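> Before we start, here is the structure in question, set down as C-alpha cells.
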Amino acid sequence: MNDEFFRLKDIFFDVKKLVAFTGAGISSESGIPTYRGEGGLWNKYDPSRYANINYFMQDPTEYWSFYRDVRYPSLKNAKPNIAHKALVKLEKKGIVYRVITQNIDNLHQMAGSRNVIELHGNHSNIICLNCGRRFNMDEVYTMVGTEIPPRCSCGGILKPDVVFFGESLQTSALDKATLAAQVCDMFLVLGSSLLVYPASQLPIIAKETGSKLVIVNIDPTPLDGIADFVIHDSASKVLSELLG
Ligand code: NAD
C-alpha cells in the first residue's frame with residue numbers, strides 16, 4: 001500500500017457519512033468480467049451492438065445470444081466477495097450511509113447491504129416489453145435454450161430491467177444518488193472507470209459540495225486529478241486493510 005493509503009486510514013474512522021460508489025471492478029473478484037480494463041467485455045464485444053437500446057429494438061437476437069453464452073454463465077453463480085462484505089461491516093458500524101452501484105449483479109444485496117441505490121437496474125428482473133410481466137434469470141435462461149429472442153406468452157419480447165446505452169436512468173434512483181452525494185462527507189469510488197455518464201458526475205457533485213473524494217480503482221480514471229486520495233489497487237485489498 002502507498003502513502004496515500006496510510007493517510008486515508010488515519011482519517012477513515014472519523015467519517016460520519018460515507019457513500020460507497022461501486023462499479024464493475026468491485027465484482028471482478030466474484031468472477032463477473034468488467035466492461036473496460038483488462039479482460040473487459042467491451043474489448044471483445046461491441047457495446048453498440050450488445051448494450052444499446054436502439055440496436056436491441058431492431059434486433060434483440062445478438063443481445064440474447066450474448067446473454068446465453070456470456071452474461072448468464074458469469075452472473076448465475078456469482079457470490080459477494082470480500083469487498084462487498086466489507087461494505088456491509090462498515091454499514092453496521094454506522095460509517096456507510098449509502099451504497100450507490102452501477103452494477104446490475106445484485107451482489108451488494110446478497111452480501112447484506114441495506115441501503116443500496118441501483119443506478120442501472122438489476123439483471124435478476126427481466127420484463128416483457130409488451131405486457132410488463134416479470135421473469136427471473138433462470139426461467140429466461142431455459143427459454144433462450146430453445147428460442148432467441150425469448151418471448152412472453154403474450155408474444156412480447158423480453159428485456160432485462162437494466163439501463164442500456166441510449167436509455168435514461170430512473171429519475172428516482174438518480175435523485176436519491178445525487179442527494180447522497182451532496183450530503184456525504186466521504187465519497188468512495190470502488191472499481192469504476194468513471195466513464196459512463198451521468199453516474200460519472202456523482203463524484204464531482206460530492207467533491208463540489210464539500211465531501212472528500214477517494215478513488216480506489218486498478219486503472220487510472222479521468223477524475224483522479226480532483227480526488228483527495230487515489231489508490232490504484234484492488235477494492236477488496238484496500239477495504240480489508242482498512243478494516244483490518
Ligand atoms: P468499467 O468496466 O468501465 O470499469 C471497471 C474498472 O474497474 C476498471 O477501470 C478496472 O481498472 C477496475 N477494476 C477491475 N478490477 C478491480 C478490482 N478488483 N478492484 C478495483 N478496481 C478494479 O465498469 P463501470 O465503471 O462500472 O462501468 C460503468 C457502467 O456502465 C457499468 O457498471 C454498467 O452498469 C454500465 N453499462 C451497462 C451496460 C449493460 O449492462 N447493458 C452496458 C454498458 C455499460
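Ordering of the C-alpha cells sets the chain letters (A, B, ...), residue numbers begin anew at 1 in every chain, and ligands are numbered from 1 in the order given.
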Taking only C-alpha atoms and all ligand atoms into account, which residues are within 8 Å of ligand 1, as number ranges by chain?
A: 22-29, 33-38, 40-41, 47, 50-52, 101-104, 119-121, 162-165, 190-196, 199, 216-221, 232-237
> Fewer than 3 positions away in the same chain doesn't count, so skip those; otherwise give me all residues within 8 Å of Tyr97 in chain A, counting only C-alpha atoms, as a ChimeraX atom specification.
/A:17-19,91,94,115,184
> Using C-alpha atoms, can you export the residues from the last selection as a tab-separated table (two decimals), in the first residue's frame?

```tsv
chain	number	residue	atom	x	y	z
A	17	LYS	CA	-21.49	9.63	6.28
A	18	LEU	CA	-19.68	7.58	3.71
A	19	VAL	CA	-21.11	6.91	0.29
A	91	GLU	CA	-22.72	-0.11	7.21
A	94	GLY	CA	-22.65	3.26	11.02
A	115	ASN	CA	-29.12	0.98	1.70
A	184	CYS	CA	-21.90	12.68	2.48
```
> Fewer than 5 positions away in the same chain doesn't count, so skip those; otherwise give me all residues within 10 Å of Ile226 in chain A, counting only C-alpha atoms, as a list in words.
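Residues near the query, excluding close chain neighbours: Pro203, Ile204, Lys207, Lys212, Leu213, Val214 and Ile215 of chain A.
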> Create the file for the chosen residues now, containing all heavy atoms and written as a short mmCIF file (atom, residue, chain, number, x, y, z; two decimals), in the first residue's frame.

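File result-v1.cif, as written:
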```cif
data_model
loop_
_atom_site.label_atom_id
_atom_site.label_comp_id
_atom_site.auth_asym_id
_atom_site.auth_seq_id
_atom_site.Cartn_x
_atom_site.Cartn_y
_atom_site.Cartn_z
N PRO A 203 -19.30 11.71 -8.40
CA PRO A 203 -18.10 12.07 -7.61
C PRO A 203 -17.82 13.57 -7.68
O PRO A 203 -17.36 14.16 -6.69
CB PRO A 203 -16.98 11.28 -8.29
CG PRO A 203 -17.64 10.21 -9.08
CD PRO A 203 -19.01 10.70 -9.43
N ILE A 204 -18.13 14.18 -8.81
CA ILE A 204 -17.88 15.63 -8.97
C ILE A 204 -18.84 16.40 -8.06
O ILE A 204 -18.45 17.34 -7.36
CB ILE A 204 -18.04 16.05 -10.46
CG1 ILE A 204 -17.04 15.29 -11.32
CG2 ILE A 204 -17.88 17.56 -10.62
CD1 ILE A 204 -17.24 15.45 -12.82
N LYS A 207 -17.65 16.10 -4.47
CA LYS A 207 -16.47 16.95 -4.23
C LYS A 207 -16.87 18.42 -4.14
O LYS A 207 -16.43 19.15 -3.25
CB LYS A 207 -15.49 16.69 -5.39
CG LYS A 207 -14.24 17.51 -5.37
CD LYS A 207 -13.26 17.02 -4.34
CE LYS A 207 -12.05 17.96 -4.27
NZ LYS A 207 -11.22 17.72 -3.12
N LYS A 212 -14.93 14.64 0.90
CA LYS A 212 -13.63 14.12 0.44
C LYS A 212 -13.94 13.09 -0.65
O LYS A 212 -14.89 12.31 -0.53
CB LYS A 212 -12.91 13.40 1.58
CG LYS A 212 -12.48 14.32 2.70
CD LYS A 212 -10.96 14.44 2.70
CE LYS A 212 -10.43 15.29 3.83
NZ LYS A 212 -10.73 16.72 3.71
N LEU A 213 -13.11 13.08 -1.68
CA LEU A 213 -13.29 12.12 -2.76
C LEU A 213 -12.13 11.13 -2.74
O LEU A 213 -10.96 11.53 -2.79
CB LEU A 213 -13.37 12.84 -4.11
CG LEU A 213 -13.45 11.96 -5.36
CD1 LEU A 213 -14.69 11.06 -5.33
CD2 LEU A 213 -13.47 12.82 -6.63
N VAL A 214 -12.48 9.84 -2.65
CA VAL A 214 -11.47 8.77 -2.63
C VAL A 214 -11.72 7.87 -3.84
O VAL A 214 -12.87 7.44 -4.05
CB VAL A 214 -11.58 7.93 -1.34
CG1 VAL A 214 -10.48 6.87 -1.30
CG2 VAL A 214 -11.54 8.80 -0.10
N ILE A 215 -10.70 7.60 -4.61
CA ILE A 215 -10.87 6.69 -5.77
C ILE A 215 -9.97 5.48 -5.59
O ILE A 215 -8.75 5.60 -5.48
CB ILE A 215 -10.55 7.42 -7.10
CG1 ILE A 215 -11.52 8.59 -7.29
CG2 ILE A 215 -10.63 6.44 -8.28
CD1 ILE A 215 -11.32 9.40 -8.57
#
```
> Counting only C-alpha atoms, what is within 12 Å of Leu243 in chain A, bar same-chain residues fewer than 6 positions away, as number ranges by chain?
A: 8-10, 12-13, 82-83, 85-90, 93, 95, 236-237
> In Å, rounded to a single decimal, give me how far CA of Leu223 in chain A is from CA of Leu188 in chain A.
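Separation of CA of Leu188 in chain A and CA of Leu223 in chain A: 12.3 Å.
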> Could you tell me how far CA of Thr209 in chain A sits from CA of Glu4 in chain A, in Å to one decimal place?
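These atoms are spaced 22.4 Å apart.
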> If you run DSSP on the backbone, which residues of range 167-241 of chain A are strand (DSSP E or B), as a PyMOL selection string?
chain A and resi 186-190+212-216+229-231
> Take the residues just selected and output them with all heavy atoms as a CSV table (one decimal), in the first residue's frame.

```
chain,number,residue,atom,x,y,z
A,186,MET,N,-17.6,11.6,2.9
A,186,MET,CA,-16.6,10.9,2.1
A,186,MET,C,-17.3,10.2,1.0
A,186,MET,O,-18.3,9.5,1.2
A,186,MET,CB,-15.8,10.0,2.9
A,186,MET,CG,-14.7,9.3,2.1
A,186,MET,SD,-13.6,8.3,3.0
A,186,MET,CE,-12.4,9.5,3.7
A,187,PHE,N,-16.8,10.3,-0.2
A,187,PHE,CA,-17.4,9.6,-1.4
A,187,PHE,C,-16.3,8.7,-1.9
A,187,PHE,O,-15.3,9.1,-2.4
A,187,PHE,CB,-17.8,10.6,-2.5
A,187,PHE,CG,-18.7,10.1,-3.6
A,187,PHE,CD1,-20.0,10.1,-3.5
A,187,PHE,CD2,-18.1,9.5,-4.7
A,187,PHE,CE1,-20.8,9.7,-4.6
A,187,PHE,CE2,-18.8,9.0,-5.8
A,187,PHE,CZ,-20.2,9.1,-5.7
A,188,LEU,N,-16.6,7.4,-1.7
A,188,LEU,CA,-15.5,6.4,-2.0
A,188,LEU,C,-15.9,5.6,-3.3
A,188,LEU,O,-16.8,4.8,-3.3
A,188,LEU,CB,-15.5,5.4,-0.8
A,188,LEU,CG,-14.6,4.2,-0.9
A,188,LEU,CD1,-13.1,4.5,-1.1
A,188,LEU,CD2,-14.8,3.3,0.4
A,189,VAL,N,-15.1,5.8,-4.3
A,189,VAL,CA,-15.3,5.1,-5.6
A,189,VAL,C,-14.6,3.8,-5.5
A,189,VAL,O,-13.4,3.7,-5.1
A,189,VAL,CB,-14.7,5.9,-6.8
A,189,VAL,CG1,-14.8,5.1,-8.1
A,189,VAL,CG2,-15.5,7.3,-6.9
A,190,LEU,N,-15.2,2.7,-5.8
A,190,LEU,CA,-14.6,1.4,-5.8
A,190,LEU,C,-14.8,0.6,-7.1
A,190,LEU,O,-16.0,0.2,-7.4
A,190,LEU,CB,-15.2,0.5,-4.6
A,190,LEU,CG,-15.0,1.0,-3.2
A,190,LEU,CD1,-16.0,0.4,-2.3
A,190,LEU,CD2,-13.6,0.7,-2.8
A,212,LYS,N,-14.9,14.6,0.9
A,212,LYS,CA,-13.6,14.1,0.4
A,212,LYS,C,-13.9,13.1,-0.6
A,212,LYS,O,-14.9,12.3,-0.5
A,212,LYS,CB,-12.9,13.4,1.6
A,212,LYS,CG,-12.5,14.3,2.7
A,212,LYS,CD,-11.0,14.4,2.7
A,212,LYS,CE,-10.4,15.3,3.8
A,212,LYS,NZ,-10.7,16.7,3.7
A,213,LEU,N,-13.1,13.1,-1.7
A,213,LEU,CA,-13.3,12.1,-2.8
A,213,LEU,C,-12.1,11.1,-2.7
A,213,LEU,O,-11.0,11.5,-2.8
A,213,LEU,CB,-13.4,12.8,-4.1
A,213,LEU,CG,-13.5,12.0,-5.4
A,213,LEU,CD1,-14.7,11.1,-5.3
A,213,LEU,CD2,-13.5,12.8,-6.6
A,214,VAL,N,-12.5,9.8,-2.7
A,214,VAL,CA,-11.5,8.8,-2.6
A,214,VAL,C,-11.7,7.9,-3.8
A,214,VAL,O,-12.9,7.4,-4.0
A,214,VAL,CB,-11.6,7.9,-1.3
A,214,VAL,CG1,-10.5,6.9,-1.3
A,214,VAL,CG2,-11.5,8.8,-0.1
A,215,ILE,N,-10.7,7.6,-4.6
A,215,ILE,CA,-10.9,6.7,-5.8
A,215,ILE,C,-10.0,5.5,-5.6
A,215,ILE,O,-8.7,5.6,-5.5
A,215,ILE,CB,-10.6,7.4,-7.1
A,215,ILE,CG1,-11.5,8.6,-7.3
A,215,ILE,CG2,-10.6,6.4,-8.3
A,215,ILE,CD1,-11.3,9.4,-8.6
A,216,VAL,N,-10.6,4.3,-5.5
A,216,VAL,CA,-9.9,3.0,-5.5
A,216,VAL,C,-10.2,2.3,-6.7
A,216,VAL,O,-11.4,1.9,-6.9
A,216,VAL,CB,-10.3,2.2,-4.2
A,216,VAL,CG1,-9.6,0.9,-4.2
A,216,VAL,CG2,-10.0,3.0,-2.9
A,229,PHE,N,-7.8,11.3,-2.4
A,229,PHE,CA,-7.0,10.1,-2.3
A,229,PHE,C,-7.2,9.3,-3.5
A,229,PHE,O,-8.3,9.1,-3.9
A,229,PHE,CB,-7.4,9.3,-1.1
A,229,PHE,CG,-7.3,10.1,0.3
A,229,PHE,CD1,-8.4,10.8,0.7
A,229,PHE,CD2,-6.2,10.0,1.1
A,229,PHE,CE1,-8.4,11.5,1.9
A,229,PHE,CE2,-6.2,10.7,2.3
A,229,PHE,CZ,-7.3,11.4,2.7
A,230,VAL,N,-6.1,8.8,-4.1
A,230,VAL,CA,-6.2,7.9,-5.2
A,230,VAL,C,-5.4,6.6,-4.9
A,230,VAL,O,-4.2,6.7,-4.7
A,230,VAL,CB,-5.7,8.5,-6.5
A,230,VAL,CG1,-5.8,7.5,-7.7
A,230,VAL,CG2,-6.5,9.8,-6.8
A,231,ILE,N,-6.0,5.5,-5.0
A,231,ILE,CA,-5.3,4.2,-4.8
A,231,ILE,C,-5.5,3.3,-5.9
A,231,ILE,O,-6.7,2.9,-6.2
A,231,ILE,CB,-5.7,3.6,-3.4
A,231,ILE,CG1,-5.5,4.6,-2.3
A,231,ILE,CG2,-4.9,2.3,-3.2
A,231,ILE,CD1,-6.0,4.1,-1.0
```
> Let me make sure I understand: among A:Ile32, A:Cys152, A:Ala206, A:Val96, which one has the smallest atom-to-atom distance to Arg134 in chain A if we use only C-alpha atoms?
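Nearest to Arg134 in chain A: A:Cys152.
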> Taking only C-alpha atoms into account, name the residue in A:Asp69, A:Ala173, A:Ser30, A:Thr61 that is nearest to Asp105 in chain A.
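Comparing A:Asp69, A:Ala173, A:Ser30, A:Thr61 against Asp105 in chain A, the winner is A:Ser30.
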> Please return as a PyMOL selection string: the residues of chain A that backbone DSSP assigns to alpha helix (DSSP H).
chain A and resi 3-12+47-50+53-58+61-66+72-75+82-92+107-111+137-144+171-183+202-208+235-243
> Of the candidates A:Pro149, A:Val15, A:Leu179, A:Pro198, which shows the shortest atom-to-atom distance to Asp59 in chain A, using only C-alpha atoms?
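With only C-alpha atoms as the atom set, the closest residue is A:Pro149.
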> What is the distance, in Å and to one decimal place, between CA of Cys128 in chain A and CA of Ala78 in chain A?
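Value for the CA of Cys128 in chain A-CA of Ala78 in chain A distance: 24.9 Å.
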> Nearest to Tyr72 in chain A: which of A:Ile11, A:Leu107, A:Val116, A:Val144 is it, counting only C-alpha atoms?
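The answer is A:Val144, which sits nearest to Tyr72 in chain A.
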> Find the residues near Asn125 in chain A: any atom within 7 Å, counting only C-alpha atoms, skip ones fewer than 3 places away on the same chain, and give them as an MDAnalysis selection string.
chainID A and resid 122 134:137 160:161
> May I have the residues from that selection written out with all heavy atoms, as a PDB file, in the first residue's frame?

```pdb
ATOM      1  N   ASN A 122     -31.282  -4.023 -12.436  1.00  0.00           N
ATOM      2  CA  ASN A 122     -30.871  -5.288 -11.829  1.00  0.00           C
ATOM      3  C   ASN A 122     -31.186  -6.419 -12.800  1.00  0.00           C
ATOM      4  O   ASN A 122     -32.325  -6.553 -13.264  1.00  0.00           O
ATOM      5  CB  ASN A 122     -31.647  -5.474 -10.511  1.00  0.00           C
ATOM      6  CG  ASN A 122     -31.136  -6.635  -9.709  1.00  0.00           C
ATOM      7  OD1 ASN A 122     -30.897  -7.718 -10.235  1.00  0.00           O
ATOM      8  ND2 ASN A 122     -30.955  -6.398  -8.428  1.00  0.00           N
ATOM      9  N   ARG A 134     -43.085 -10.106 -15.344  1.00  0.00           N
ATOM     10  CA  ARG A 134     -41.695 -10.241 -14.915  1.00  0.00           C
ATOM     11  C   ARG A 134     -41.262 -11.703 -14.922  1.00  0.00           C
ATOM     12  O   ARG A 134     -42.046 -12.580 -14.591  1.00  0.00           O
ATOM     13  CB  ARG A 134     -41.523  -9.687 -13.496  1.00  0.00           C
ATOM     14  CG  ARG A 134     -41.625  -8.195 -13.492  1.00  0.00           C
ATOM     15  CD  ARG A 134     -41.507  -7.583 -12.118  1.00  0.00           C
ATOM     16  NE  ARG A 134     -41.478  -6.140 -12.294  1.00  0.00           N
ATOM     17  CZ  ARG A 134     -40.370  -5.435 -12.458  1.00  0.00           C
ATOM     18  NH1 ARG A 134     -39.194  -6.016 -12.397  1.00  0.00           N
ATOM     19  NH2 ARG A 134     -40.432  -4.133 -12.653  1.00  0.00           N
ATOM     20  N   PHE A 135     -40.014 -11.903 -15.264  1.00  0.00           N
ATOM     21  CA  PHE A 135     -39.423 -13.251 -15.302  1.00  0.00           C
ATOM     22  C   PHE A 135     -38.111 -13.203 -14.531  1.00  0.00           C
ATOM     23  O   PHE A 135     -37.514 -12.133 -14.412  1.00  0.00           O
ATOM     24  CB  PHE A 135     -39.111 -13.647 -16.760  1.00  0.00           C
ATOM     25  CG  PHE A 135     -40.322 -13.758 -17.633  1.00  0.00           C
ATOM     26  CD1 PHE A 135     -40.938 -12.610 -18.147  1.00  0.00           C
ATOM     27  CD2 PHE A 135     -40.861 -15.002 -17.955  1.00  0.00           C
ATOM     28  CE1 PHE A 135     -42.063 -12.704 -18.955  1.00  0.00           C
ATOM     29  CE2 PHE A 135     -41.980 -15.099 -18.766  1.00  0.00           C
ATOM     30  CZ  PHE A 135     -42.586 -13.958 -19.269  1.00  0.00           C
ATOM     31  N   ASN A 136     -37.651 -14.368 -14.038  1.00  0.00           N
ATOM     32  CA  ASN A 136     -36.325 -14.350 -13.421  1.00  0.00           C
ATOM     33  C   ASN A 136     -35.273 -14.905 -14.396  1.00  0.00           C
ATOM     34  O   ASN A 136     -35.614 -15.481 -15.427  1.00  0.00           O
ATOM     35  CB  ASN A 136     -36.323 -15.044 -12.051  1.00  0.00           C
ATOM     36  CG  ASN A 136     -36.537 -16.539 -12.171  1.00  0.00           C
ATOM     37  OD1 ASN A 136     -35.950 -17.201 -13.025  1.00  0.00           O
ATOM     38  ND2 ASN A 136     -37.393 -17.072 -11.315  1.00  0.00           N
ATOM     39  N   MET A 137     -33.997 -14.706 -14.025  1.00  0.00           N
ATOM     40  CA  MET A 137     -32.894 -15.051 -14.937  1.00  0.00           C
ATOM     41  C   MET A 137     -32.893 -16.526 -15.317  1.00  0.00           C
ATOM     42  O   MET A 137     -32.612 -16.874 -16.462  1.00  0.00           O
ATOM     43  CB  MET A 137     -31.545 -14.771 -14.254  1.00  0.00           C
ATOM     44  CG  MET A 137     -31.181 -13.323 -14.178  1.00  0.00           C
ATOM     45  SD  MET A 137     -29.395 -13.058 -13.983  1.00  0.00           S
ATOM     46  CE  MET A 137     -28.870 -14.277 -12.839  1.00  0.00           C
ATOM     47  N   PRO A 160     -33.988  -7.418 -20.204  1.00  0.00           N
ATOM     48  CA  PRO A 160     -33.605  -7.301 -18.790  1.00  0.00           C
ATOM     49  C   PRO A 160     -33.874  -5.892 -18.295  1.00  0.00           C
ATOM     50  O   PRO A 160     -33.795  -4.935 -19.070  1.00  0.00           O
ATOM     51  CB  PRO A 160     -32.100  -7.594 -18.807  1.00  0.00           C
ATOM     52  CG  PRO A 160     -31.654  -7.328 -20.191  1.00  0.00           C
ATOM     53  CD  PRO A 160     -32.831  -7.603 -21.085  1.00  0.00           C
ATOM     54  N   ASP A 161     -34.187  -5.794 -17.000  1.00  0.00           N
ATOM     55  CA  ASP A 161     -34.511  -4.488 -16.421  1.00  0.00           C
ATOM     56  C   ASP A 161     -33.218  -3.750 -16.064  1.00  0.00           C
ATOM     57  O   ASP A 161     -32.965  -3.423 -14.911  1.00  0.00           O
ATOM     58  CB  ASP A 161     -35.378  -4.707 -15.168  1.00  0.00           C
ATOM     59  CG  ASP A 161     -35.981  -3.419 -14.660  1.00  0.00           C
ATOM     60  OD1 ASP A 161     -35.906  -2.407 -15.393  1.00  0.00           O
ATOM     61  OD2 ASP A 161     -36.513  -3.418 -13.543  1.00  0.00           O
TER      62      ASP A 161
END
```
> Nearest to Met1 in chain A among A:Asp46, A:Glu208, A:Glu241, A:Asp14, with distances taken over only C-alpha atoms: which residue is it?
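Once distances to Met1 in chain A are computed over only C-alpha atoms, the minimum belongs to A:Glu241.
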